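*Asks:* What follows is run38.csv, made up of CSV, C-alpha atoms:
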```
chain,number,residue,atom,x,y,z
A,121,MET,CA,-26.5,-32.3,12.2
A,122,LEU,CA,-24.4,-29.4,11.1
A,123,ARG,CA,-20.8,-29.6,9.8
A,124,VAL,CA,-18.7,-26.4,9.6
A,125,ASP,CA,-15.5,-26.3,7.6
A,126,ILE,CA,-13.3,-23.2,8.2
A,127,ARG,CA,-11.0,-21.6,5.7
A,128,SER,CA,-9.0,-18.6,6.9
A,129,ALA,CA,-7.2,-16.0,4.9
A,130,PRO,CA,-6.9,-13.0,7.2
A,131,PRO,CA,-8.7,-10.6,7.3
A,132,ILE,CA,-11.4,-13.0,6.0
A,133,VAL,CA,-12.7,-16.3,7.4
A,134,LYS,CA,-15.2,-18.4,5.5
A,135,LEU,CA,-17.4,-20.9,7.3
A,136,TYR,CA,-18.8,-23.6,5.0
A,137,CYS,CA,-21.9,-25.0,6.5
A,138,ALA,CA,-23.5,-28.3,5.5
A,139,GLY,CA,-26.6,-29.8,7.1
A,140,ARG,CA,-29.2,-28.0,9.2
A,141,ILE,CA,-29.0,-24.8,11.1
A,142,VAL,CA,-31.8,-25.3,13.6
A,143,LEU,CA,-32.5,-24.7,17.3
A,144,GLY,CA,-30.2,-26.6,19.5
A,145,VAL,CA,-26.7,-28.0,19.0
A,146,GLU,CA,-26.6,-27.0,15.3
A,147,SER,CA,-27.1,-23.3,16.0
A,148,GLU,CA,-24.8,-23.4,19.0
A,149,THR,CA,-22.1,-25.0,16.9
A,150,LEU,CA,-22.2,-22.2,14.3
A,151,ARG,CA,-22.4,-19.5,17.0
A,152,CYS,CA,-19.3,-20.9,18.8
A,153,MET,CA,-17.4,-21.4,15.5
A,154,ALA,CA,-18.1,-17.8,14.4
A,155,ALA,CA,-17.4,-16.3,17.9
A,156,SER,CA,-14.0,-18.0,18.2
A,157,ARG,CA,-12.6,-16.4,15.1
A,158,PRO,CA,-10.3,-13.4,15.4
A,159,GLU,CA,-11.0,-12.2,11.8
A,160,ARG,CA,-13.5,-9.3,11.6
A,161,ASN,CA,-14.8,-10.2,8.1
A,162,LEU,CA,-16.9,-13.4,8.2
A,163,VAL,CA,-18.3,-15.2,5.2
A,164,VAL,CA,-20.9,-17.9,5.9
A,165,ASP,CA,-21.4,-20.2,2.9
A,166,LEU,CA,-24.8,-21.8,3.0
A,167,GLN,CA,-24.8,-23.7,-0.2
A,168,GLN,CA,-25.1,-27.1,1.4
A,169,VAL,CA,-27.6,-26.2,4.1
A,170,GLN,CA,-30.7,-28.4,3.7
A,171,ALA,CA,-32.8,-26.8,6.5
A,172,ILE,CA,-32.9,-23.6,8.5
A,173,ASP,CA,-35.5,-22.5,11.1
A,174,ALA,CA,-36.3,-19.3,13.0
A,175,ALA,CA,-33.4,-19.9,15.4
A,176,GLY,CA,-31.0,-20.3,12.5
A,177,LEU,CA,-32.2,-17.1,10.8
A,178,GLY,CA,-32.0,-15.3,14.1
A,179,LEU,CA,-28.5,-16.6,14.5
A,180,LEU,CA,-27.5,-15.1,11.1
A,181,VAL,CA,-28.9,-11.7,12.3
A,182,GLU,CA,-27.1,-12.1,15.6
A,183,LEU,CA,-23.8,-12.7,13.7
A,184,HIS,CA,-24.5,-9.7,11.5
A,185,CYS,CA,-25.0,-7.5,14.5
A,186,GLN,CA,-21.9,-8.8,16.2
A,187,ALA,CA,-19.8,-8.2,13.1
A,188,LEU,CA,-21.1,-4.6,12.9
A,189,LYS,CA,-20.3,-4.1,16.6
A,190,ASN,CA,-16.8,-5.3,16.0
A,191,SER,CA,-16.4,-3.0,12.9
A,192,GLY,CA,-16.5,-6.1,10.7
A,193,ASP,CA,-18.6,-7.5,8.0
A,194,LEU,CA,-20.8,-10.6,7.6
A,195,THR,CA,-21.6,-11.9,4.1
A,196,ILE,CA,-24.0,-14.8,3.4
A,197,ALA,CA,-22.5,-16.7,0.4
A,198,ASN,CA,-24.3,-19.1,-1.9
A,199,PRO,CA,-27.6,-19.6,0.0
A,200,SER,CA,-29.3,-22.8,-0.8
A,201,PRO,CA,-32.8,-22.6,-2.4
A,202,CYS,CA,-34.5,-23.3,1.0
A,203,VAL,CA,-32.4,-20.7,2.8
A,204,ARG,CA,-32.9,-18.2,-0.1
A,205,ARG,CA,-36.7,-18.7,0.1
A,206,LEU,CA,-36.9,-18.2,3.8
A,207,MET,CA,-34.7,-15.1,3.7
A,208,ALA,CA,-37.0,-13.7,1.0
A,209,LEU,CA,-40.2,-14.5,3.0
A,210,THR,CA,-38.8,-12.9,6.1
A,211,ASN,CA,-37.3,-10.0,4.2
A,212,LEU,CA,-33.8,-10.7,5.6
A,213,GLU,CA,-32.4,-10.1,2.1
A,214,SER,CA,-32.8,-6.4,2.9
A,215,VAL,CA,-30.7,-6.8,6.2
A,216,LEU,CA,-28.1,-9.3,5.4
A,217,GLN,CA,-25.4,-9.0,2.7
A,218,LEU,CA,-25.8,-11.8,0.1
A,219,ASP,CA,-23.1,-12.7,-2.3
A,220,GLU,CA,-23.6,-15.7,-4.5
A,221,ALA,CA,-20.5,-15.3,-6.5
A,222,ARG,CA,-17.9,-14.4,-3.9
A,223,GLU,CA,-14.5,-15.6,-5.1
A,224,PHE,CA,-13.0,-16.3,-1.6
A,225,GLU,CA,-11.0,-19.3,-2.9
A,226,LEU,CA,-8.8,-16.9,-4.9
A,227,ALA,CA,-7.5,-15.4,-1.7
A,228,CYS,CA,-7.6,-18.6,0.3
A,229,GLY,CA,-6.1,-21.3,-2.0
A,230,PRO,CA,-4.5,-24.5,-0.9
A,231,CYS,CA,-1.2,-22.7,-0.1
A,232,ASN,CA,-2.4,-19.4,1.2
A,233,GLY,CA,-4.9,-20.1,3.9
A,234,ARG,CA,-5.5,-22.4,6.8
A,235,ALA,CA,-8.3,-24.9,6.9
A,236,MET,CA,-10.2,-26.6,9.8
A,237,THR,CA,-13.2,-28.7,10.2
A,238,ALA,CA,-15.6,-29.1,13.2
```
Let's see the structure in the file written out as C-alpha cells.

*Replies:*
Amino acid sequence: MLRVDIRSAPPIVKLYCAGRIVLGVESETLRCMAASRPERNLVVDLQQVQAIDAAGLGLLVELHCQALKNSGDLTIANPSPCVRRLMALTNLESVLQLDEAREFELACGPCNGRAMTA
C-alpha cells in the first residue's frame, strides 16, 4: 500500500510517499496524484518508501520526462536506502535530480502552504 501526503507552496508541490511504489494500484496512485497537480515543480520525498520495483522506477522517469515537457522540474528528495540502492544499480542517479537536504518546509510551513493526504 502507498500513502501520499501532499504539501503545496506554489510553485512547488511536495509529495511525501510512504509504503511501496510497485506495479499496480500503488504506481497508479502516485501517477494520478502527480498528474493532478498544477504546480510545475514537483518534489517526491521517498524517505518512507520500503520497496520500489521496476514499475516504480519507471514511473519516476516518466514523471521526470513529464516535468521537462511542461518546463518544470522533478526532484527526488530523501530516498530511502532501498530506493537509493536501486537507483544506483540502474544508474538513475545520473538521470534524476536527487536532493537529500531540500528544505521545502521553510517555504511550506504550517501557515504558508496547503496540505492534503490520499

*Asks:* Given the choices A:Pro158, A:Gly139, A:Gly144, A:Gly178, which gets closest to A:Cys202 if the distance is worked out from all atoms listed in the file?

*Replies:*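 Answer, going by the shortest atom-to-atom distance: A:Gly139.
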
*Asks:* As a list in words, please: the residues near A:Arg151 (cut-off 10 Å, all atoms listed in the file, same-chain neighbours under 4 positions excluded).

*Replies:* Val145, Glu146, Ser147, Ala155, Ser156, Gly176, Leu179, Leu180, Glu182 and Leu183 of chain A

*Asks:* Write to file, as a PDB file, in the frame of the given file, the residues of the selection just made, with C-alpha atoms.

*Replies:*
```pdb
ATOM      1  CA  VAL A 145     -26.700 -28.000  19.000  1.00  0.00           C
ATOM      2  CA  GLU A 146     -26.600 -27.000  15.300  1.00  0.00           C
ATOM      3  CA  SER A 147     -27.100 -23.300  16.000  1.00  0.00           C
ATOM      4  CA  ALA A 155     -17.400 -16.300  17.900  1.00  0.00           C
ATOM      5  CA  SER A 156     -14.000 -18.000  18.200  1.00  0.00           C
ATOM      6  CA  GLY A 176     -31.000 -20.300  12.500  1.00  0.00           C
ATOM      7  CA  LEU A 179     -28.500 -16.600  14.500  1.00  0.00           C
ATOM      8  CA  LEU A 180     -27.500 -15.100  11.100  1.00  0.00           C
ATOM      9  CA  GLU A 182     -27.100 -12.100  15.600  1.00  0.00           C
ATOM     10  CA  LEU A 183     -23.800 -12.700  13.700  1.00  0.00           C
TER      11      LEU A 183
END
```

*Asks:* Counting only C-alpha atoms, which of A:Leu218, A:Ile132, A:Leu122, A:Val203 gets nearest to A:Leu162?

*Replies:*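 Of all the options, A:Ile132 lies closest to A:Leu162.
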
*Asks:* For atom CA of A:Met207 and atom CA of A:Ser128, quote the distance in Å rounded to one decimal.

*Replies:* 26.1 Å

*Asks:* Please identify all polymer residues within 8 Å of A:Tyr136, counting all atoms listed in the file, omitting same-chain residues fewer than 5 positions from it, and present them as a ChimeraX atom specification.

*Replies:* /A:123-126,164-167

*Asks:* Have a look at A:Gln170, A:Thr210, A:Ser191, A:Gln186 and name the one nearest to A:Ala154; count all atoms listed in the file.

*Replies:*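 So, comparing all the options, the nearest one is A:Gln186.
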
*Asks:* So what do you get for atom CA of A:Asp173 versus atom CA of A:Val142, distance-wise?

*Replies:* 5.3 Å

*Asks:* Select, from A:Ala208, A:Leu150, A:Ile141, A:Leu194, the residue with the minimum atom-to-atom distance to A:Ala174, counting only C-alpha atoms.

*Replies:* A:Ile141

*Asks:* Using only C-alpha atoms, can you tell me which of A:Gln217, A:Ala171, A:Val163, A:Ala197 comes closest to A:Met121?

*Replies:*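 Among the listed residues, A:Ala171 lies closest to A:Met121.
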
*Asks:* Starting from the sparse input, extend stretch 177-188 of chain A to N, CA and C atoms and give the output as a compact mmCIF listing (two decimals), in the frame of the given file.

*Replies:*
```txt
# COMPACT_ATOMS: atom_id res chain seq x y z
N LEU A 177 -32.17 -18.48 11.38
CA LEU A 177 -32.20 -17.10 10.80
C LEU A 177 -31.89 -16.08 11.82
N GLY A 178 -32.37 -16.27 13.05
CA GLY A 178 -32.00 -15.30 14.10
C GLY A 178 -30.54 -15.31 14.40
N LEU A 179 -29.91 -16.48 14.30
CA LEU A 179 -28.50 -16.60 14.50
C LEU A 179 -27.72 -15.76 13.43
N LEU A 180 -28.17 -15.84 12.18
CA LEU A 180 -27.50 -15.10 11.10
C LEU A 180 -27.63 -13.57 11.40
N VAL A 181 -28.79 -13.13 11.90
CA VAL A 181 -28.90 -11.70 12.30
C VAL A 181 -28.04 -11.37 13.44
N GLU A 182 -27.95 -12.27 14.41
CA GLU A 182 -27.10 -12.10 15.60
C GLU A 182 -25.61 -11.92 15.10
N LEU A 183 -25.18 -12.79 14.20
CA LEU A 183 -23.80 -12.70 13.70
C LEU A 183 -23.57 -11.42 12.93
N HIS A 184 -24.58 -10.99 12.19
CA HIS A 184 -24.50 -9.70 11.50
C HIS A 184 -24.32 -8.55 12.46
N CYS A 185 -25.13 -8.52 13.51
CA CYS A 185 -25.00 -7.50 14.50
C CYS A 185 -23.69 -7.50 15.23
N GLN A 186 -23.21 -8.69 15.53
CA GLN A 186 -21.90 -8.80 16.20
C GLN A 186 -20.79 -8.32 15.30
N ALA A 187 -20.87 -8.63 14.00
CA ALA A 187 -19.80 -8.20 13.10
C ALA A 187 -19.85 -6.62 13.01
N LEU A 188 -21.03 -6.02 12.93
CA LEU A 188 -21.10 -4.60 12.90
C LEU A 188 -20.54 -3.96 14.18
```
